[in-house]
Amino acid sequence: MENVANKIGTHNIIWVTLDTLRYDAATMAMDRGVIPWLGSMMPNGRWQKRHTPGSFTYAAHHAFFAGFLPTPTTPGPHMRPFALRFAGSETTGTGTAVFDEPTIVEGLAGAGYHTICIGGVGFFNRMTPLGSVLPNLFAESHWRPELGVTDPDSTRHQVDQALACIAARSPSERMFLFLNVSAIHQPNCMYLADAERDSVESQIAALSYVDMHLCRLFEVIFQRGPGMAMIFSDHGTAYGEDGYHGHRLAHPVVWDVPYTELEWSVRQ
């Protein structure tokens, strides 16, 4: 996304992390037409293939909130849309929104944004000091068990919570809304009939469920003035490839993630 620096203060900003979504699963879902809303939003109806800066949720999100979103797989350097000021950065350009605060969240708050975190996986649940580190960056944060990985209707609950937060703010107030979607994270076999184990196919089914509810969120956001959104995975996960299972490891199915950007004026 170009010239983000010029949009700070005028555009709402939305980040959606589709926790644990693999690039291949996201691409197959697009090709099969089971994520119609996402497909209708993306340029050319395709995900960008990118590399995550971290192999599990906690590490990846620390990087995101420092301005290191997933990196294009083509040779760089690639200028970043958001950054924190530090000497010697080779990926900060004239269009980069640069902040002096220690995180992007705090930088946007300093620029007048109301910051909202809708938690999903355990690193956002505020049940422990560790689970409070990331949500504590925000002016308001929300997590309940029905927003987490074990509730089969978690995305509906997360979107309902986000819509309640939006409704409570003045339409003229700019906001940074962060949503960590938990449904695709394990266990996701509950989204695929008769499945007993998580797999690429159950990730696809989970993403299809998520798509139905993201559209509800953005229908409201589109009416609140100009905005930009980044929708991406924080990392993938292995389902037995080369003997690997899970994430927090170095394998293409973990490092390769889907990414897309949206930008809009007021939509009618």
# chains A, B, ... in the order shown; residues from 1 in each chain; ligands from 1
>>> residues_around(residues="A:Thr10", least_positions_apart="6", cutoff="8 Å", atoms="only C-alpha atoms", output="ChimeraX atom specification")
/A:174,226-227
>>> write_last_selection(atoms="N, CA and C atoms", output="compact mmCIF listing (two decimals), in the first residue's frame")
# COMPACT_ATOMS: atom_id res chain seq x y z
N ARG A 174 -11.29 8.51 14.46
CA ARG A 174 -10.53 7.50 13.73
C ARG A 174 -10.15 6.39 14.69
N PRO A 226 -13.21 6.97 5.09
CA PRO A 226 -12.13 6.27 4.38
C PRO A 226 -11.34 5.38 5.31
N GLY A 227 -10.79 4.33 4.74
CA GLY A 227 -10.03 3.40 5.57
C GLY A 227 -9.11 2.53 4.76
>>> select_by_dssp(residues="stretch 40-235 of chain A", states="strand (DSSP E)", output="PyMOL selection string")
chain A and resi 48-51+71-72+82-84+97-99+114-118+140-142+175-181+227-232
>>> atom_distance(atom1="atom CA of A:Ile166", atom2="atom CA of A:Ser265")
17.5 Å
>>> closest_residue(among="A:Phe68, A:Glu219, A:Thr73, A:Pro187", to="A:Thr91", atoms="only C-alpha atoms")
A:Phe68
>>> atom_distance(atom1="atom CA of A:Asn136", atom2="atom CA of A:Thr103")
11.6 Å
>>> closest_residue(among="A:Tyr239, A:Tyr244, A:Phe82, A:Trp264", to="A:Ser202", atoms="only C-alpha atoms")
A:Tyr239
>>> select_by_dssp(residues="stretch 103-219 of chain A", states="alpha helix (DSSP H)", output="VMD selection string")
chain A and resid 104 to 110 154 to 167 200 to 219
>>> write_last_selection(atoms="C-alpha atoms", output="PDB file, in the first residue's frame")
ATOM      1  CA  ILE A 104       2.639   0.959  16.000  1.00  0.00           C
ATOM      2  CA  VAL A 105      -0.355   0.682  18.337  1.00  0.00           C
ATOM      3  CA  GLU A 106       1.008   3.389  20.623  1.00  0.00           C
ATOM      4  CA  GLY A 107       2.081   5.468  17.641  1.00  0.00           C
ATOM      5  CA  LEU A 108      -1.437   5.459  16.236  1.00  0.00           C
ATOM      6  CA  ALA A 109      -2.837   6.323  19.661  1.00  0.00           C
ATOM      7  CA  GLY A 110      -0.468   9.286  19.739  1.00  0.00           C
ATOM      8  CA  SER A 154     -15.875 -17.732  17.694  1.00  0.00           C
ATOM      9  CA  THR A 155     -15.730 -15.462  14.649  1.00  0.00           C
ATOM     10  CA  ARG A 156     -19.379 -14.520  14.966  1.00  0.00           C
ATOM     11  CA  HIS A 157     -18.764 -13.583  18.595  1.00  0.00           C
ATOM     12  CA  GLN A 158     -15.608 -11.662  17.713  1.00  0.00           C
ATOM     13  CA  VAL A 159     -17.357  -9.679  14.993  1.00  0.00           C
ATOM     14  CA  ASP A 160     -20.299  -8.959  17.305  1.00  0.00           C
ATOM     15  CA  GLN A 161     -17.829  -7.620  19.883  1.00  0.00           C
ATOM     16  CA  ALA A 162     -16.049  -5.505  17.282  1.00  0.00           C
ATOM     17  CA  LEU A 163     -19.347  -4.059  16.062  1.00  0.00           C
ATOM     18  CA  ALA A 164     -20.311  -3.163  19.634  1.00  0.00           C
ATOM     19  CA  CYS A 165     -16.973  -1.380  20.090  1.00  0.00           C
ATOM     20  CA  ILE A 166     -17.433   0.536  16.849  1.00  0.00           C
ATOM     21  CA  ALA A 167     -20.988   1.547  17.730  1.00  0.00           C
ATOM     22  CA  VAL A 200      -5.510 -28.400   5.223  1.00  0.00           C
ATOM     23  CA  GLU A 201      -9.108 -29.296   4.350  1.00  0.00           C
ATOM     24  CA  SER A 202     -10.394 -28.339   7.782  1.00  0.00           C
ATOM     25  CA  GLN A 203      -8.468 -25.049   7.572  1.00  0.00           C
ATOM     26  CA  ILE A 204     -10.264 -24.341   4.304  1.00  0.00           C
ATOM     27  CA  ALA A 205     -13.611 -25.095   5.954  1.00  0.00           C
ATOM     28  CA  ALA A 206     -12.724 -22.823   8.887  1.00  0.00           C
ATOM     29  CA  LEU A 207     -11.736 -19.987   6.549  1.00  0.00           C
ATOM     30  CA  SER A 208     -15.035 -20.337   4.705  1.00  0.00           C
ATOM     31  CA  TYR A 209     -16.842 -19.901   8.025  1.00  0.00           C
ATOM     32  CA  VAL A 210     -14.705 -16.846   8.845  1.00  0.00           C
ATOM     33  CA  ASP A 211     -15.494 -15.258   5.475  1.00  0.00           C
ATOM     34  CA  MET A 212     -19.216 -15.213   6.276  1.00  0.00           C
ATOM     35  CA  HIS A 213     -18.626 -13.013   9.317  1.00  0.00           C
ATOM     36  CA  LEU A 214     -15.842 -10.732   8.096  1.00  0.00           C
ATOM     37  CA  CYS A 215     -18.271  -9.374   5.530  1.00  0.00           C
ATOM     38  CA  ARG A 216     -20.588  -8.247   8.363  1.00  0.00           C
ATOM     39  CA  LEU A 217     -17.769  -6.358  10.017  1.00  0.00           C
ATOM     40  CA  PHE A 218     -16.627  -4.557   6.899  1.00  0.00           C
ATOM     41  CA  GLU A 219     -20.148  -3.595   5.851  1.00  0.00           C
TER      42      GLU A 219
END
>>> residues_around(residues="A:Gly95", least_positions_apart="2", cutoff="10 Å", atoms="only C-alpha atoms", output="compact mmCIF listing (two decimals) with N, CA and C atoms, in the first residue's frame")
# COMPACT_ATOMS: atom_id res chain seq x y z
N MET A 1 0.84 -1.19 0.00
CA MET A 1 0.00 0.00 0.00
C MET A 1 0.88 1.24 0.00
N GLU A 2 0.58 2.18 -0.88
CA GLU A 2 1.42 3.35 -1.06
C GLU A 2 0.94 4.54 -0.22
N ASN A 3 1.90 5.37 0.18
CA ASN A 3 1.62 6.64 0.83
C ASN A 3 0.73 6.52 2.06
N VAL A 4 1.01 5.54 2.89
CA VAL A 4 0.27 5.40 4.14
C VAL A 4 0.48 6.61 5.03
N ALA A 5 1.67 7.20 4.98
CA ALA A 5 1.96 8.37 5.81
C ALA A 5 0.95 9.48 5.58
N ASN A 6 0.49 9.64 4.35
CA ASN A 6 -0.44 10.72 4.03
C ASN A 6 -1.87 10.42 4.48
N LYS A 7 -2.13 9.20 4.94
CA LYS A 7 -3.49 8.80 5.31
C LYS A 7 -3.70 8.74 6.82
N MET A 79 9.54 -1.39 0.78
CA MET A 79 9.21 -0.35 1.74
C MET A 79 8.00 -0.77 2.56
N ARG A 80 8.05 -0.48 3.84
CA ARG A 80 6.99 -0.90 4.75
C ARG A 80 5.93 0.21 4.88
N PRO A 81 4.65 -0.17 5.04
CA PRO A 81 3.62 0.87 5.23
C PRO A 81 3.71 1.56 6.58
N PHE A 82 4.14 0.84 7.62
CA PHE A 82 4.27 1.38 8.97
C PHE A 82 5.66 1.05 9.50
N THR A 92 12.24 1.88 5.11
CA THR A 92 11.38 3.01 5.45
C THR A 92 11.49 4.03 4.32
N GLY A 93 10.37 4.25 3.62
CA GLY A 93 10.38 5.17 2.49
C GLY A 93 9.57 6.41 2.76
N ALA A 97 4.46 5.41 7.15
CA ALA A 97 4.03 6.11 8.36
C ALA A 97 5.00 5.74 9.48
N VAL A 98 5.80 6.70 9.92
CA VAL A 98 6.85 6.45 10.90
C VAL A 98 6.46 7.09 12.23
>>> closest_residue(among="A:Thr237, A:Gln48, A:Ser172, A:Ser55", to="A:Gly112", atoms="only C-alpha atoms")
A:Ser172
>>> residues_around(residues="A:Glu140", least_positions_apart="2", cutoff="8 Å", atoms="only C-alpha atoms", output="PyMOL selection string")
chain A and resi 115-117+135+138+142
>>> write_last_selection(atoms="N, CA and C atoms", output="PDB file, in the first residue's frame")
ATOM      1  N   THR A 115      -7.649   2.841  19.865  1.00  0.00           N
ATOM      2  CA  THR A 115      -7.112   1.521  19.532  1.00  0.00           C
ATOM      3  C   THR A 115      -7.918   0.433  20.229  1.00  0.00           C
ATOM      4  N   ILE A 116      -8.318  -0.580  19.451  1.00  0.00           N
ATOM      5  CA  ILE A 116      -9.193  -1.650  19.928  1.00  0.00           C
ATOM      6  C   ILE A 116      -8.572  -2.987  19.555  1.00  0.00           C
ATOM      7  N   CYS A 117      -8.489  -3.891  20.506  1.00  0.00           N
ATOM      8  CA  CYS A 117      -8.015  -5.266  20.279  1.00  0.00           C
ATOM      9  C   CYS A 117      -9.152  -6.235  20.559  1.00  0.00           C
ATOM     10  N   PRO A 135      -2.379  -7.392  24.399  1.00  0.00           N
ATOM     11  CA  PRO A 135      -3.595  -6.576  24.529  1.00  0.00           C
ATOM     12  C   PRO A 135      -3.412  -5.318  25.357  1.00  0.00           C
ATOM     13  N   PHE A 138      -3.275  -1.684  23.831  1.00  0.00           N
ATOM     14  CA  PHE A 138      -4.456  -1.036  23.268  1.00  0.00           C
ATOM     15  C   PHE A 138      -5.243  -0.273  24.333  1.00  0.00           C
ATOM     16  N   HIS A 142     -10.550  -6.929  24.355  1.00  0.00           N
ATOM     17  CA  HIS A 142     -11.645  -7.821  24.724  1.00  0.00           C
ATOM     18  C   HIS A 142     -11.248  -9.271  24.471  1.00  0.00           C
TER      19      HIS A 142
END
